[in-house]
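Scroll down for the structure; my scribbles are underneath it.
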Amino acid sequence: MEKNVFLRLCREYGCNNNYAFSEKIIPTVREYIKRPNNSKMPVIWLETSDSGDNNIAFMNTTYPYLNQVFSDMIDLFYSNTFMAAQGRDALELLDKTVTAYYGKFTLVVEGAIPTKDNGIYNVIARTKKRCLTALDAVTLLGTAAKYVVAIGTCASFGGASAAAPNLTESVGVGKVLKREVINVSGCPVNPDWFVGTLAHLIMYGRPELDDLGRPTLFYGNTVHKHCQRRSYFDKKDFAETLGDTECMFTQGCMGPRTGSDCPYRQWVNHVSWPVKVNTPCIGCTNENFPDSSAPFFTPLPQKNKGKQVDNQQQSSTEKGE
Amino acid sequence: MSLQKILFSPVTRLSGLLSVELGINDGCIVSADVSSTMFRGFEYIMRGRNVADAVYMTQRICGICSTAHGAVASYLLDELYDNDIEENAQYLRNIMFAADFLQNHIRHFYFFGLPDFVIMPENPLFHNQNCFDCRLDASDNRRLAGHYIEAVKAAQKSHQILALFGGKAPHQHSFIYGGVAVAPTVDMINQAQALIHDIQEFIKRYMLPDTELLSRCYDDYFHIGETPGCFLSFGLFRFGSKNEQVLWKGGVLEGDSLTQPRLDLIQTDISKSWFERDQSRKDGDISPSPYKLGAYTWVKAILYRGKHYEGGPLARMTINDYYKGGTSTMDRIVSRSLETLLITDLLTEWLNRLEPGPAPLKQKKVLVKNQAIFTTDAMRGALLHSAYIKDNQIEKYDIITPTAWNFSPKDIAGYRGPAETALVGTQISSPELKYVIPGRIIRSFDPCLSCATHLLDYRTNSIDQIVY
């Protein structure tokens, strides 16, 4: 598939073609991988400080389904969630993979990285000699990887794991690595954003990123721009309470400041999204989520009075407007 | 033979991070330390936030059981605001909650449990699999391994039901205090009915026969990983305008004695946990202490009337007389699969009763209380949320998760929690099985360490007494 066709499919948000992108990923990647010198992408996936919601969200991928991603797109050599191996046998695979695919594998990190006390608040594994902290593991593997992909808002920017008062001094992966990190944020991530990013990396390499390191394919427009209830906003017809069918701005909606394609992509086989069930977008893809979205049901101008909100980030996502 | 130490780290195929240290003497496990190695400090994160944010915030504690946290936080807020919940809202709430249960149980059995018993196909995902004790014959093995793919779809469909009504999954949006924000439509209900039909077919055609086959080929596991059978459940699937009824009753079961759980009998104990009490504070607040001597986990011991209790499908099913069996590894696995089928029946019935109409949501605006505690069972056991409120803000928010009960470290008297008890006394019949046997026992509890590390106690006046 030509790159420009792929990009168009990713960006497509017409009513008739909703599934075109995801349905075409597998045949396209399969065809690509069959060509000489091409192969599936070797992946090491580290779970660090998060709720495990991103691996669950990833399991919800449709067209391709989870098993198709494993059979046709990636070779997942290490994953605390999925791998059959356990204990020393699992760590041995980690070592082997780094040696065999040095400079070639993709490191996927799910979760924030605690930095206080040398990262002791998150230990990925223990050996007789040492505790392998998330901080050590990500620093070590980050230099050996071809790409580093942060999945979810915790890994991208710290997220809920770094919310005030952030006792563990947790940060996003980009803060501990001196290299480019591709941030696929969301709490959790929408599986299309993640699988789409993987497909792009496999076939065309690095996708175009916004100034928060996120693929513009999925984060380039605000929720507000394509919201089904935009006409209500324009007519100043606002919901009086949650559960109403009008614009959710009065109910705390973060749509105007949130880069994401939720209104047309939607969730779990593309069936719904928060505004469709009469609740506000809470801005879960944002750099300072959840603190910059809190209180969740308070209108945007009155949110988090007194707490620092990063102005730079607000202006960057508003560009999509 | 002298004492050998086995460091089992990482224990893979579960939610969160877990290491286990085992002492082996003459091939028998004589000591076990289950160690959760991650700390996020959610209780501290909750402080100072608007109380209304509790539903969405606490869901971020756990990805695999997010709806359980959203549910109990909603019940708690309903009490703080004195909301009245419509019947249609309760059906919707329970439909979403049940769908998350199905997702959890299917994924646990196939993604986490299956590679313990079945030789998995060639894929990097399954490299270094230990097949030393995989007992199925070739055709059965091939069939069960193939069901992994069917499980991918059945679990995805379960979350599709949750997302249809909840907006997304994990971390749904519409199950909130005051009722449910979604307006159920005929097409949503129809789609959900088609999905639950498929899921139920999957459970009847694959999951139950697969469970039955494993329980036959591995029948020795009906005697491996046994616990004393002290079970605790807070009850499951709430109904009534004040969330006061539970469909599956809660209880504290010990031998033949079944009593109702009393929250004032719950205690926490940090003697083996990486926390210490802040002596300078009157409320006896605790803070993380990662280098504390003698401690080995971020989970605190949870005690009921001074004893450890086990929660989960086996506890629920036994307390409700849906399952009559033992307390072993295989009993935990079998009761979970049976519970999955029961839940599909309930979900089907609730979808039939659900009336299309406007959003069944009535949120009162004024708090009538400044303190509340609420409970429910979650997928893997008993879950409690408790909040103190001041000026609409959370002063203290405490959470006791199911895995904290099951993966409790030893208490101050040295008594072991359920998972450690299940491990100790087990024979490791061959060095090849040093991870396999403990792995099977541990996973039968369906541990979720993302959850477990978020509990907090409060208002203690002695070392380990907290009274709700």
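Chain lettering (A, B, ...) mirrors the order of the structure tokens, residue numbering begins at 1 for each chain separately, and ligand numbering begins at 1 in order of display.
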Note to self: Residues near Lys178 in chain A, anyone? I mean within 12 Å using only C-alpha atoms, not counting same-chain ones fewer than 2 positions away, as a PyMOL selection string.
What the structure shows: chain A and resi 138-140+142-143+148+173-176+180-181
Just to be explicit: take each residue in the selection above, keep C-alpha atoms, and write the result as a CSV table (one decimal), in the first residue's frame.
chain,number,residue,atom,x,y,z
A,138,VAL,CA,13.9,1.3,30.5
A,139,THR,CA,17.2,3.1,30.6
A,140,LEU,CA,19.1,0.0,29.5
A,142,GLY,CA,15.9,2.3,25.6
A,143,THR,CA,19.5,2.7,24.3
A,148,VAL,CA,10.6,3.3,21.8
A,173,VAL,CA,9.4,7.4,29.5
A,174,GLY,CA,10.6,10.4,27.5
A,175,LYS,CA,11.9,12.1,30.6
A,176,VAL,CA,14.3,9.3,31.5
A,180,GLU,CA,13.0,10.1,20.8
A,181,VAL,CA,10.0,8.4,22.3
At a cut-off of 7 Å, using only C-alpha atoms, what residues contact range 407-416 of chain B? Leave out same-chain residues fewer than 2 positions from it and give the result as a PDB file with N, CA and C atoms, in the first residue's frame.
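The result, written out as result04.pdb:
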ATOM      1  N   ASP B  33       7.246 -16.188  50.541  1.00  0.00           N
ATOM      2  CA  ASP B  33       7.020 -14.750  50.665  1.00  0.00           C
ATOM      3  C   ASP B  33       6.484 -14.248  49.329  1.00  0.00           C
ATOM      4  N   VAL B  34       5.224 -13.820  49.281  1.00  0.00           N
ATOM      5  CA  VAL B  34       4.703 -13.245  48.036  1.00  0.00           C
ATOM      6  C   VAL B  34       4.927 -11.740  48.082  1.00  0.00           C
ATOM      7  N   ASP B 269      -2.412  -4.683  58.747  1.00  0.00           N
ATOM      8  CA  ASP B 269      -1.195  -4.981  59.481  1.00  0.00           C
ATOM      9  C   ASP B 269      -0.037  -4.716  58.534  1.00  0.00           C
ATOM     10  N   SER B 271       3.261  -5.022  59.355  1.00  0.00           N
ATOM     11  CA  SER B 271       4.545  -5.449  59.916  1.00  0.00           C
ATOM     12  C   SER B 271       5.496  -6.017  58.863  1.00  0.00           C
ATOM     13  N   LYS B 272       4.972  -6.625  57.781  1.00  0.00           N
ATOM     14  CA  LYS B 272       5.851  -7.151  56.731  1.00  0.00           C
ATOM     15  C   LYS B 272       5.747  -6.344  55.443  1.00  0.00           C
ATOM     16  N   VAL B 299       2.092  -4.847  49.554  1.00  0.00           N
ATOM     17  CA  VAL B 299       0.742  -5.167  49.992  1.00  0.00           C
ATOM     18  C   VAL B 299       0.720  -5.239  51.513  1.00  0.00           C
ATOM     19  N   LYS B 300      -0.351  -4.711  52.091  1.00  0.00           N
ATOM     20  CA  LYS B 300      -0.500  -4.829  53.533  1.00  0.00           C
ATOM     21  C   LYS B 300      -1.334  -6.051  53.875  1.00  0.00           C
ATOM     22  N   ALA B 301      -1.087  -6.623  55.013  1.00  0.00           N
ATOM     23  CA  ALA B 301      -1.916  -7.753  55.428  1.00  0.00           C
ATOM     24  C   ALA B 301      -3.285  -7.223  55.839  1.00  0.00           C
ATOM     25  N   ILE B 302      -4.341  -7.901  55.367  1.00  0.00           N
ATOM     26  CA  ILE B 302      -5.704  -7.553  55.758  1.00  0.00           C
ATOM     27  C   ILE B 302      -6.239  -8.708  56.584  1.00  0.00           C
ATOM     28  N   THR B 403      -7.003  -8.534  46.047  1.00  0.00           N
ATOM     29  CA  THR B 403      -5.679  -9.157  46.059  1.00  0.00           C
ATOM     30  C   THR B 403      -4.956  -8.877  47.367  1.00  0.00           C
ATOM     31  N   ALA B 404      -5.341  -7.798  48.053  1.00  0.00           N
ATOM     32  CA  ALA B 404      -4.742  -7.538  49.356  1.00  0.00           C
ATOM     33  C   ALA B 404      -5.141  -8.621  50.356  1.00  0.00           C
ATOM     34  N   TRP B 405      -6.366  -9.119  50.241  1.00  0.00           N
ATOM     35  CA  TRP B 405      -6.765 -10.248  51.097  1.00  0.00           C
ATOM     36  C   TRP B 405      -5.967 -11.497  50.715  1.00  0.00           C
ATOM     37  N   PRO B 418      -3.711 -16.225  52.388  1.00  0.00           N
ATOM     38  CA  PRO B 418      -4.197 -17.375  51.604  1.00  0.00           C
ATOM     39  C   PRO B 418      -3.201 -17.882  50.549  1.00  0.00           C
ATOM     40  N   ALA B 419      -2.607 -16.996  49.758  1.00  0.00           N
ATOM     41  CA  ALA B 419      -1.717 -17.477  48.692  1.00  0.00           C
ATOM     42  C   ALA B 419      -0.479 -18.149  49.275  1.00  0.00           C
ATOM     43  N   GLU B 420       0.093 -17.552  50.302  1.00  0.00           N
ATOM     44  CA  GLU B 420       1.269 -18.162  50.937  1.00  0.00           C
ATOM     45  C   GLU B 420       0.906 -19.502  51.569  1.00  0.00           C
ATOM     46  N   THR B 421      -0.266 -19.556  52.207  1.00  0.00           N
ATOM     47  CA  THR B 421      -0.715 -20.816  52.807  1.00  0.00           C
ATOM     48  C   THR B 421      -0.875 -21.900  51.749  1.00  0.00           C
TER      49      THR B 421
END
Note to self: Report as a PyMOL selection string all protein, DNA and RNA residues lying within 6 Å of range 40-51 of chain B, evaluated on only C-alpha atoms, omitting residues in the same chain fewer than 3 positions from it.
What the structure shows: (chain A and resi 161+164+295) or (chain B and resi 54+392-397+454)
Next item on the list: Could you please tell me, as number ranges by chain, which residues of chain B have an atom within 6 Å of chain A when using only C-alpha atoms?
Entry: B: 8-14, 37-40, 45, 50, 61-63, 115, 124-126, 128-129, 156, 160, 164, 167-168, 173, 181-182, 359, 450
Just to be explicit: take each residue in the selection above, keep C-alpha atoms, and write the result as a short mmCIF file (atom, residue, chain, number, x, y, z; two decimals), in the first residue's frame.
data_model
loop_
_atom_site.label_atom_id
_atom_site.label_comp_id
_atom_site.auth_asym_id
_atom_site.auth_seq_id
_atom_site.Cartn_x
_atom_site.Cartn_y
_atom_site.Cartn_z
CA PHE B 8 10.44 -16.93 41.35
CA SER B 9 10.62 -13.56 39.60
CA PRO B 10 8.87 -12.33 37.57
CA VAL B 11 5.65 -14.29 37.97
CA THR B 12 4.27 -13.57 34.51
CA ARG B 13 0.72 -13.77 33.09
CA LEU B 14 -1.09 -11.69 35.65
CA THR B 37 7.04 -4.94 43.72
CA MET B 38 5.13 -1.86 42.62
CA PHE B 39 3.77 1.12 44.52
CA ARG B 40 1.70 3.94 43.05
CA ILE B 45 -3.42 10.86 44.94
CA ASN B 50 -13.32 16.77 44.28
CA ILE B 61 -6.31 1.87 39.87
CA CYS B 62 -6.90 -1.22 37.80
CA GLY B 63 -7.25 -1.98 34.11
CA PRO B 115 -0.08 -21.84 29.10
CA PRO B 124 7.76 -15.90 20.24
CA LEU B 125 5.03 -15.24 22.82
CA PHE B 126 5.32 -18.81 24.01
CA ASN B 128 10.78 -20.94 26.80
CA GLN B 129 7.46 -22.45 27.83
CA GLN B 156 -13.39 -8.50 23.17
CA GLN B 160 -17.92 -4.34 23.59
CA LEU B 164 -21.87 0.08 24.21
CA GLY B 167 -18.75 4.69 26.28
CA LYS B 168 -15.40 2.94 26.45
CA HIS B 173 -17.90 6.66 31.74
CA ALA B 181 -25.76 8.49 32.10
CA VAL B 182 -26.41 6.50 28.94
CA ALA B 359 -30.82 8.19 30.86
CA SER B 450 -1.95 -3.26 40.08
#
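Closest approach to Ala137 in chain A among A:Trp45, A:Phe218, A:Phe105, A:Tyr63: A:Trp45, based on only C-alpha atoms.
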Item checked: Among listed residues A:Arg30, A:Lys96, A:Arg257, A:His200, nearest Asn4 in chain A (using only C-alpha atoms) ->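 The answer is A:His200, which sits nearest to Asn4 in chain A.
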Notebook entry, point to check: Do you know which residues are at most 8 Å from range 76-85 of chain B counting only C-alpha atoms, after dropping those on the same chain fewer than 4 positions away, and could you put them as JSON, numbers by chain?
Noted result: {"B": [51, 52, 72, 89, 90, 177, 178, 179, 240, 241, 242, 243, 360, 361, 362, 363, 364, 365, 366, 367, 368, 369, 370, 371, 372, 373, 374, 385, 386, 387]}
Next item on the list: Could you jot down the CA of Leu144 in chain B to CA of His197 in chain B separation for me, Å, one decimal place?
Entry: 21.4 Å
